[in-house]
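J.: One structure, pasted below without further comment.
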2 protein chains.
Amino acid sequence: MADTWLEVPPGSPFPAESLPYGVFSSAPGGAPRVGVAVGAHVLDLAPLLDDTVFGRASLNPFLARGPDAWRATRGLLQDLLGHRSRRDEVARHLIALSDVRLHLPVEVADYVDFYSSLHHAQNLGRMLRPDSEALTPNWRHLPVAYHGRAGTVVVSGTPVVRPRGQRREAGDAGPSLGPSTRLDIEAEVGFVVGVGSEPGRGVAVSAFRDHVFGVVLVNDWSARDIQAWEYVPLGPFLGKSFATSVSAWVLPLEALEAARVPSPRQDPPPLPYLAPGEDWGLDLSLEVALNGDVVARPPFASMYWTPAQQLAHMTVNGAALRTGDLYASGTVSGPAPGQQGSLIELSRNGATPIRLPRSCRTPRLPR
Amino acid sequence: MADTWLEVPPGSPFPAESLPYGVFSSAPGGAPRVGVAVGAHVLDLAPLLDDTVFGRASLNPFLARGPDAWRATRGLLQDLLGHRSRRDEVARHLIALSDVRLHLPVEVADYVDFYSSLHHAQNLGRMLRPDSEALTPNWRHLPVAYHGRAGTVVVSGTPVVRPRGQRREAGDAGPSLGPSTRLDIEAEVGFVVGVGSEPGRGVAVSAFRDHVFGVVLVNDWSARDIQAWEYVPLGPFLGKSFATSVSAWVLPLEALEAARVPSPRQDPPPLPYLAPGEDWGLDLSLEVALNGDVVARPPFASMYWTPAQQLAHMTVNGAALRTGDLYASGTVSGPAPGQQGSLIELSRNGATPIRLPRSCRTPRLPR
């Protein structure tokens with residue numbers, strides 16, 4: 001536990017070790033600005049640190065400053081929260097989380113979605129392409145990915161309208177248009193790029209920390225019926241593009257030092273530009289809950305490709321990075337039952353309904 | 001020919017009927033701003049029209065104003081260029097094209113690339129998937145597309161570094177990394193969205209003109225070796241993401257009224273949300289030149305899906321549009337020899353070398 005004079009409620013998702021960044025507004029009409037979550041509060045950074053970069057409506061200008069600035073700011077915050085002598089200057093910039101509205105923290109430049117869980121790729125391959133090998137021949141040689149729609153990335157909690165689209169199920173005479181009948185979620189971890197790169201030059205695996213600021217949780221909403229009909233030959237499009245939800249809080253990589261673990265052994269070994277280098281597996285425990293019932297616990301440490309390898313692959317062709325680029329891991333699915341990060345896997349493509357004890361409880365009538 | 005007091009050199013790509021918009025700078029250190037090309041000149045709009053929206057480094061703020069503003073500005077320019085009495089107030093804001101530097105005209109929000117030429121899709125299908133039907137089952141039911149990388153869209157003339165990447169050719173023991181050995185171009189037409197749309201609501205085919213401002217030329221650079229190895233199952237990624245070049249000039253749809261033609265008959269008829277409505281086929285003659293030799297003349301009128309249908313499809317799932325969204329037609333290929341908009345087609349996958357008389361001419365030695 002980090003030392004702090006601030007009272008952090010037991011079980012808070014925001015202990016003083018984490019200090020994730022977000023964009024919030026308080027009071028009706030208040031301008032969105034940058035804050036850090038700690039305990040039950042948001043710390044209003046612009047007045048506290050007297051720095052206009054935190055008065056902006058997205059984290060991008062701060063992210064563009066780079067790793068030295070990220071480290072210095074985090075050190076300063078740890079200092080302010082760690083010393084009781086500084087309590088007075090800090091306390092007046094604490095706002096109750098219950099009094100703020102949270103906004104999309106990052107102005108997303110390009111959004112890329114990987115497909116880096118071996119278990120997920122095998123599960124999906126078996127369901128979508130039952131007559132072929134579950135894994136395509138390239139899968140163990142490179143982290144497969146596609147570009148998603150940056151403009152429909154929304155902050156968690158934003159209502160998502162059930163998409164409609166074309167679908168053609170087995171046995172249908174032709175395609176039809178209608179609301180998706182197989183709406184799914186995908187539990188993923190996203191990586192936010194702070195520092196861009198030059199066109200024509202790749203970013204090495206070893207330069208991961210020079211470019212990536214931190215992580216968000218991602219729900220890659222997926223309309224399976226639309227996706228299945230459209231995705232050959234150019235990949236997912238409307239089955240995914242209606243919305244992607246990300247957490248309001250961006251956790252800096254520095255807060256994840258203790259979570260770093262070796263990634264699973266890669267067989268065959270990847271080409272040298274993808275050699276894993278230092279450990280960038282992350283031992284994160286995710287939970288998927290539906291209406292309050294936890295239906296899955298996907299272990300991020302089981303991911304086959306690391307975020308450092310993904311970054312190196314994404315840029316090996318010379319594609320430049322920009323501040324605000326977001327790339328997601330792909331659905332996180334572990335090998336064991338109950339570890340799958342999508343409903344299509346948990347329900348075995350609908351064959352095994354998912355039980356939701358809480359939602360199915362007989363409602364209590366008012367007495 | 002539109003009447004104008006301005007002398008337009010014969011054969012100029014910028015007659016007074018066109019009036020395309022771009023972003024230029026003049027003199028070293030001059031700020032990029034909006035101009036209109038006419039004859040051998042750029043018209044410097046911000047001082048001429050006394051409107052700061054044209055003093056910006058991208059067209060986006062002007063595009064966001066919507067169709068009434070687009071129409072009014074064009075009308076004003078036609079008036080200024082049409083009446084000799086207005087010559088003096090205009091002439092001092094004309095800058096020679098040879099004295100300006102051209103910039104990316106639009107800050108690209110999301111970039112989508114379609115695949116809407118029947119002939120191109122058939123040609124590529126036969127080459128990339130020789131054991132299957134050339135067209136996938138969905139192709140005649142919906143305009144197939146994928147998201148590309150918005151951050152690597154560059155203005156025509158920007159140097160493009162040959163991409164490197166993983167490829168595995170038939171007979172290779174495993175994949176290798178190296179510079180692409182099959183770099184290709186794709187001649188396309190792009191459509192620039194001016195007015196965004198609300199999440200959760202599609203844009204009807206009939207609302208095309210309410211959202212789309214105009215067109216650009218697009219070169220969808222493609223590394224065929226990288227693409228072939230990576231694209232199953234999630235579509236093109238690094239084979240395309242290193243660069244996409246667009247013309248510096250955005251031609252308003254209004255300038256294309258005379259080019260509107262019926263699109264080819266669609267069989268089977270598409271679902272009602274894709275019914276073609278008014279004519280949005282466009283009779284544009286493209287040319288592909290390599291080192292000065294014209295190697296192809298792709299006819300845009302042969303495209304199977306219209307840009308209005310593409311827009312309706314792209315949003316039918318509720319995906320919102322933003323100002324600056326760019327969507328491209330996909331490679332334009334006609335049915336006849338010499339009408340294909342990519343080298344892989346023109347060379348029949350390398351089997352028939354393309355002759356370049358000019359480049360192969362014996363160089364003249366100085367005497």
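The way I read the labels, and the way they are meant: chains A, B, ... in the order of the structure tokens, residue 1 as the first residue of every chain, and ligand 1 as the first ligand shown, with later ones counted on from there.
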Pick out the chain A residues within 8 Å of chain B. Count only C-alpha atoms. Give them as a ChimeraX atom specification.
T.: /A:109-110,136,138,141,144-152,160-165,175-177,199-200,229-239,241-243,271,314,316-322
J.: Mind writing the picked residues with N, CA and C atoms as a compact mmCIF listing (two decimals), in the first residue's frame?
T.:
# COMPACT_ATOMS: atom_id res chain seq x y z
N ALA A 109 -7.02 8.82 -32.00
CA ALA A 109 -6.51 9.09 -33.35
C ALA A 109 -6.86 7.87 -34.21
N ASP A 110 -6.01 6.85 -34.25
CA ASP A 110 -6.39 5.61 -34.92
C ASP A 110 -6.64 4.53 -33.88
N THR A 136 -5.39 -19.55 -38.34
CA THR A 136 -4.87 -19.33 -39.70
C THR A 136 -3.34 -19.48 -39.66
N ASN A 138 -0.87 -17.71 -40.39
CA ASN A 138 -0.05 -16.57 -39.93
C ASN A 138 -0.11 -16.36 -38.42
N HIS A 141 2.85 -16.40 -36.16
CA HIS A 141 4.00 -15.65 -36.68
C HIS A 141 3.87 -14.15 -36.50
N VAL A 144 -2.13 -10.78 -35.38
CA VAL A 144 -3.15 -10.40 -36.35
C VAL A 144 -3.97 -9.24 -35.79
N ALA A 145 -4.32 -8.29 -36.65
CA ALA A 145 -5.09 -7.12 -36.21
C ALA A 145 -5.81 -6.48 -37.39
N TYR A 146 -6.70 -5.55 -37.08
CA TYR A 146 -7.39 -4.75 -38.11
C TYR A 146 -7.63 -3.36 -37.51
N HIS A 147 -7.89 -2.40 -38.37
CA HIS A 147 -8.25 -1.07 -37.91
C HIS A 147 -9.75 -1.01 -37.61
N GLY A 148 -10.10 -0.42 -36.49
CA GLY A 148 -11.50 -0.20 -36.14
C GLY A 148 -11.86 1.26 -36.31
N ARG A 149 -13.09 1.60 -35.93
CA ARG A 149 -13.57 2.97 -36.14
C ARG A 149 -13.29 3.83 -34.92
N ALA A 150 -12.39 4.80 -35.08
CA ALA A 150 -11.99 5.66 -33.96
C ALA A 150 -13.14 6.56 -33.51
N GLY A 151 -13.97 6.97 -34.46
CA GLY A 151 -15.01 7.95 -34.16
C GLY A 151 -16.15 7.42 -33.31
N THR A 152 -16.23 6.11 -33.13
CA THR A 152 -17.31 5.55 -32.32
C THR A 152 -16.78 4.92 -31.04
N VAL A 160 -25.47 2.49 -25.79
CA VAL A 160 -25.16 1.96 -27.12
C VAL A 160 -26.45 1.44 -27.72
N VAL A 161 -26.81 1.96 -28.88
CA VAL A 161 -28.02 1.52 -29.57
C VAL A 161 -27.73 0.19 -30.25
N ARG A 162 -28.60 -0.78 -30.05
CA ARG A 162 -28.42 -2.08 -30.71
C ARG A 162 -28.29 -1.85 -32.21
N PRO A 163 -27.22 -2.32 -32.82
CA PRO A 163 -27.02 -2.04 -34.25
C PRO A 163 -27.98 -2.85 -35.11
N ARG A 164 -28.32 -2.27 -36.24
CA ARG A 164 -29.00 -3.09 -37.25
C ARG A 164 -28.03 -3.31 -38.38
N GLY A 165 -28.34 -4.26 -39.20
CA GLY A 165 -27.44 -4.53 -40.31
C GLY A 165 -27.90 -5.73 -41.11
N PRO A 175 -30.00 -12.39 -47.74
CA PRO A 175 -29.75 -11.57 -46.57
C PRO A 175 -30.99 -10.73 -46.22
N SER A 176 -31.07 -10.30 -44.97
CA SER A 176 -32.13 -9.41 -44.55
C SER A 176 -31.52 -8.33 -43.68
N LEU A 177 -32.27 -7.25 -43.50
CA LEU A 177 -31.82 -6.15 -42.64
C LEU A 177 -32.63 -6.17 -41.36
N PRO A 199 7.02 8.70 -39.81
CA PRO A 199 6.68 7.79 -40.90
C PRO A 199 7.94 7.10 -41.43
N GLY A 200 7.80 5.86 -41.82
CA GLY A 200 8.91 5.16 -42.44
C GLY A 200 9.85 4.48 -41.46
N TRP A 229 -21.56 -12.43 -41.75
CA TRP A 229 -21.98 -12.28 -43.15
C TRP A 229 -21.05 -11.34 -43.93
N GLU A 230 -20.45 -10.38 -43.25
CA GLU A 230 -19.69 -9.34 -43.96
C GLU A 230 -18.19 -9.58 -44.03
N TYR A 231 -17.63 -10.39 -43.10
CA TYR A 231 -16.20 -10.24 -42.81
C TYR A 231 -15.24 -10.90 -43.82
N VAL A 232 -15.75 -11.74 -44.71
CA VAL A 232 -14.88 -12.27 -45.77
C VAL A 232 -15.12 -11.45 -47.02
N PRO A 233 -14.11 -10.87 -47.66
CA PRO A 233 -12.69 -11.08 -47.46
C PRO A 233 -11.95 -9.96 -46.72
N LEU A 234 -12.59 -8.85 -46.36
CA LEU A 234 -11.79 -7.71 -45.88
C LEU A 234 -11.86 -7.48 -44.37
N GLY A 235 -12.44 -8.43 -43.64
CA GLY A 235 -12.41 -8.33 -42.18
C GLY A 235 -13.64 -7.68 -41.58
N PRO A 236 -13.65 -7.52 -40.25
CA PRO A 236 -14.82 -6.97 -39.55
C PRO A 236 -15.00 -5.50 -39.91
N PHE A 237 -16.25 -5.09 -40.07
CA PHE A 237 -16.53 -3.69 -40.41
C PHE A 237 -17.75 -3.24 -39.58
N LEU A 238 -18.95 -3.40 -40.13
CA LEU A 238 -20.13 -2.90 -39.42
C LEU A 238 -20.48 -3.75 -38.20
N GLY A 239 -19.99 -4.98 -38.16
CA GLY A 239 -20.23 -5.83 -36.99
C GLY A 239 -19.54 -5.29 -35.75
N SER A 241 -18.22 -1.61 -35.85
CA SER A 241 -17.96 -0.16 -35.92
C SER A 241 -19.02 0.70 -35.23
N PHE A 242 -20.11 0.11 -34.75
CA PHE A 242 -21.16 0.94 -34.14
C PHE A 242 -20.74 1.52 -32.80
N ALA A 243 -19.89 0.82 -32.06
CA ALA A 243 -19.44 1.36 -30.77
C ALA A 243 -18.34 0.50 -30.17
N LEU A 271 9.95 -13.93 -35.53
CA LEU A 271 11.07 -13.28 -36.21
C LEU A 271 11.72 -12.28 -35.26
N MET A 314 2.80 -3.35 -35.48
CA MET A 314 1.91 -2.32 -36.04
C MET A 314 2.68 -1.25 -36.81
N VAL A 316 6.05 -1.85 -38.07
CA VAL A 316 7.21 -2.39 -38.79
C VAL A 316 7.19 -1.98 -40.26
N ASN A 317 6.00 -1.69 -40.78
CA ASN A 317 5.89 -1.28 -42.20
C ASN A 317 6.15 0.21 -42.38
N GLY A 318 6.45 0.90 -41.30
CA GLY A 318 6.70 2.34 -41.42
C GLY A 318 5.50 3.20 -41.08
N ALA A 319 4.36 2.58 -40.74
CA ALA A 319 3.19 3.38 -40.36
C ALA A 319 3.53 4.20 -39.12
N ALA A 320 3.21 5.48 -39.17
CA ALA A 320 3.51 6.37 -38.05
C ALA A 320 2.45 6.25 -36.97
N LEU A 321 2.88 6.48 -35.74
CA LEU A 321 1.96 6.59 -34.59
C LEU A 321 1.65 8.04 -34.34
N ARG A 322 0.48 8.30 -33.77
CA ARG A 322 0.12 9.64 -33.32
C ARG A 322 -0.32 9.60 -31.85
J.: Report as a ChimeraX atom specification all protein, DNA and RNA residues lying within 9 Å of segment 248-259 of chain B, evaluated on only C-alpha atoms, omitting residues in the same chain fewer than 6 positions from it.
T.: /B:17-24,36-37,70-71,74,102-106,155-157,191-192,209,212-217,281-284
J.: If you keep N, CA, C and O atoms, can you produce a file of those selected residues as a tab-separated table (two decimals), in the first residue's frame?
T.:
chain	number	residue	atom	x	y	z
B	17	GLU	N	-15.09	26.10	-63.99
B	17	GLU	CA	-16.22	25.26	-63.57
B	17	GLU	C	-15.91	24.46	-62.32
B	17	GLU	O	-16.80	24.00	-61.63
B	18	SER	N	-14.61	24.18	-62.09
B	18	SER	CA	-14.28	23.21	-61.06
B	18	SER	C	-14.20	23.84	-59.67
B	18	SER	O	-14.90	23.47	-58.76
B	19	LEU	N	-13.28	24.78	-59.51
B	19	LEU	CA	-13.09	25.48	-58.24
B	19	LEU	C	-12.91	24.52	-57.05
B	19	LEU	O	-13.68	24.58	-56.08
B	20	PRO	N	-11.88	23.67	-57.11
B	20	PRO	CA	-11.63	22.76	-55.99
B	20	PRO	C	-10.94	23.49	-54.85
B	20	PRO	O	-10.19	24.45	-55.07
B	21	TYR	N	-11.18	23.01	-53.65
B	21	TYR	CA	-10.61	23.61	-52.44
B	21	TYR	C	-9.38	22.83	-51.98
B	21	TYR	O	-9.34	21.60	-52.07
B	22	GLY	N	-8.41	23.57	-51.46
B	22	GLY	CA	-7.23	22.92	-50.91
B	22	GLY	C	-6.63	23.77	-49.81
B	22	GLY	O	-7.16	24.84	-49.45
B	23	VAL	N	-5.53	23.29	-49.25
B	23	VAL	CA	-4.80	24.04	-48.21
B	23	VAL	C	-3.39	24.28	-48.74
B	23	VAL	O	-2.72	23.35	-49.17
B	24	PHE	N	-2.97	25.54	-48.72
B	24	PHE	CA	-1.68	25.91	-49.29
B	24	PHE	C	-0.93	26.83	-48.35
B	24	PHE	O	-1.51	27.41	-47.43
B	36	VAL	N	-8.62	28.16	-53.34
B	36	VAL	CA	-9.33	27.49	-54.43
B	36	VAL	C	-8.45	27.60	-55.67
B	36	VAL	O	-7.88	28.66	-55.94
B	37	ALA	N	-8.32	26.49	-56.39
B	37	ALA	CA	-7.49	26.50	-57.59
B	37	ALA	C	-8.31	26.93	-58.79
B	37	ALA	O	-9.42	26.43	-59.00
B	70	TRP	N	-21.62	25.71	-48.26
B	70	TRP	CA	-20.79	25.28	-49.41
B	70	TRP	C	-21.33	25.92	-50.70
B	70	TRP	O	-20.56	26.44	-51.50
B	71	ARG	N	-22.66	25.88	-50.83
B	71	ARG	CA	-23.30	26.40	-52.04
B	71	ARG	C	-23.12	27.92	-52.12
B	71	ARG	O	-22.78	28.46	-53.17
B	74	ARG	N	-19.48	28.85	-53.06
B	74	ARG	CA	-19.22	28.58	-54.48
B	74	ARG	C	-19.91	29.62	-55.37
B	74	ARG	O	-19.32	30.11	-56.34
B	102	LEU	N	1.52	22.76	-51.30
B	102	LEU	CA	0.20	22.21	-51.00
B	102	LEU	C	0.28	21.25	-49.83
B	102	LEU	O	1.24	20.50	-49.69
B	103	HIS	N	-0.75	21.29	-48.98
B	103	HIS	CA	-0.79	20.47	-47.77
B	103	HIS	C	-1.97	19.51	-47.83
B	103	HIS	O	-2.85	19.64	-48.68
B	104	LEU	N	-2.00	18.57	-46.88
B	104	LEU	CA	-3.15	17.69	-46.77
B	104	LEU	C	-4.38	18.56	-46.54
B	104	LEU	O	-4.42	19.34	-45.59
B	105	PRO	N	-5.39	18.46	-47.41
B	105	PRO	CA	-6.48	19.44	-47.32
B	105	PRO	C	-7.44	19.19	-46.15
B	105	PRO	O	-8.10	20.12	-45.69
B	106	VAL	N	-7.53	17.95	-45.71
B	106	VAL	CA	-8.53	17.58	-44.72
B	106	VAL	C	-7.84	16.88	-43.55
B	106	VAL	O	-6.95	16.06	-43.76
B	155	VAL	N	-0.77	13.94	-48.37
B	155	VAL	CA	-1.10	14.65	-49.60
B	155	VAL	C	-0.21	14.13	-50.73
B	155	VAL	O	0.96	13.79	-50.52
B	156	SER	N	-0.79	14.06	-51.89
B	156	SER	CA	-0.08	13.60	-53.08
B	156	SER	C	1.26	14.33	-53.21
B	156	SER	O	1.34	15.54	-53.02
B	157	GLY	N	2.29	13.59	-53.51
B	157	GLY	CA	3.62	14.18	-53.62
B	157	GLY	C	4.48	13.92	-52.40
B	157	GLY	O	5.70	14.08	-52.46
B	191	PHE	N	-14.31	10.14	-51.05
B	191	PHE	CA	-15.41	11.05	-50.74
B	191	PHE	C	-15.20	11.61	-49.34
B	191	PHE	O	-14.91	10.86	-48.40
B	192	VAL	N	-15.31	12.92	-49.24
B	192	VAL	CA	-14.99	13.61	-47.99
B	192	VAL	C	-16.29	14.04	-47.31
B	192	VAL	O	-17.10	14.77	-47.90
B	209	ARG	N	-26.04	14.03	-50.26
B	209	ARG	CA	-25.56	15.40	-50.48
B	209	ARG	C	-25.61	16.27	-49.23
B	209	ARG	O	-25.02	17.35	-49.19
B	212	VAL	N	-21.92	14.69	-47.67
B	212	VAL	CA	-20.65	14.59	-48.41
B	212	VAL	C	-20.37	15.90	-49.14
B	212	VAL	O	-21.21	16.40	-49.90
B	213	PHE	N	-19.18	16.43	-48.90
B	213	PHE	CA	-18.80	17.70	-49.51
B	213	PHE	C	-18.25	17.52	-50.91
B	213	PHE	O	-18.60	18.26	-51.83
B	214	GLY	N	-17.32	16.58	-51.08
B	214	GLY	CA	-16.69	16.49	-52.39
B	214	GLY	C	-15.77	15.30	-52.52
B	214	GLY	O	-15.78	14.40	-51.66
B	215	VAL	N	-14.98	15.32	-53.58
B	215	VAL	CA	-14.17	14.15	-53.92
B	215	VAL	C	-12.69	14.49	-54.02
B	215	VAL	O	-12.31	15.62	-54.32
B	216	VAL	N	-11.88	13.48	-53.74
B	216	VAL	CA	-10.43	13.56	-53.95
B	216	VAL	C	-10.01	12.35	-54.76
B	216	VAL	O	-10.74	11.35	-54.84
B	217	LEU	N	-8.85	12.44	-55.36
B	217	LEU	CA	-8.24	11.24	-55.94
B	217	LEU	C	-7.46	10.54	-54.84
B	217	LEU	O	-6.89	11.19	-53.95
B	281	GLY	N	-23.99	7.42	-59.96
B	281	GLY	CA	-22.84	7.01	-60.73
B	281	GLY	C	-22.16	8.30	-61.20
B	281	GLY	O	-22.82	9.33	-61.35
B	282	LEU	N	-20.85	8.25	-61.39
B	282	LEU	CA	-20.11	9.44	-61.82
B	282	LEU	C	-19.23	9.06	-62.99
B	282	LEU	O	-18.43	8.12	-62.91
B	283	ASP	N	-19.39	9.79	-64.08
B	283	ASP	CA	-18.64	9.49	-65.30
B	283	ASP	C	-17.30	10.23	-65.26
B	283	ASP	O	-17.12	11.25	-65.90
B	284	LEU	N	-16.39	9.70	-64.46
B	284	LEU	CA	-15.06	10.29	-64.32
B	284	LEU	C	-14.05	9.43	-65.06
B	284	LEU	O	-14.07	8.20	-64.94
J.: Which of these residues is nearest to Phe14 of chain A, using only C-alpha atoms: A:Pro299, A:Gly39, A:Pro61, A:Pro276?
T.: A:Gly39
J.: Give the strand (DSSP E) residues of segment 108-214 of chain B, as assigned by DSSP on the backbone, as a ChimeraX atom specification.
T.: /B:111-114,145-148,153-155,164-167,176-179,183-184,187-193,212-214
J.: Let me make sure I understand: among B:Glu198, B:Glu287, B:Glu169, B:Asp267, which one has the smallest atom-to-atom distance to Val218 of chain B if we use only C-alpha atoms?
T.: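 Among B:Glu198, B:Glu287, B:Glu169, B:Asp267, it is B:Glu287 that comes nearest to Val218 of chain B.
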J.: Contacts of Ser206 of chain B at 8 Å or less, counting only C-alpha atoms, minus same-chain residues fewer than 6 places along, as a PDB file with N, CA, C and O atoms, in the first residue's frame?
T.:
ATOM      1  N   GLY B 277     -31.781   4.993 -55.629  1.00  0.00           N
ATOM      2  CA  GLY B 277     -32.325   6.359 -55.627  1.00  0.00           C
ATOM      3  C   GLY B 277     -31.850   7.142 -56.834  1.00  0.00           C
ATOM      4  O   GLY B 277     -31.676   6.581 -57.923  1.00  0.00           O
ATOM      5  N   GLU B 278     -31.628   8.444 -56.671  1.00  0.00           N
ATOM      6  CA  GLU B 278     -31.210   9.258 -57.819  1.00  0.00           C
ATOM      7  C   GLU B 278     -29.805   8.843 -58.273  1.00  0.00           C
ATOM      8  O   GLU B 278     -29.076   8.181 -57.539  1.00  0.00           O
ATOM      9  N   ALA B 308     -23.289   7.050 -52.712  1.00  0.00           N
ATOM     10  CA  ALA B 308     -24.467   7.252 -51.852  1.00  0.00           C
ATOM     11  C   ALA B 308     -24.842   5.932 -51.175  1.00  0.00           C
ATOM     12  O   ALA B 308     -25.207   5.903 -49.992  1.00  0.00           O
TER      13      ALA B 308
END
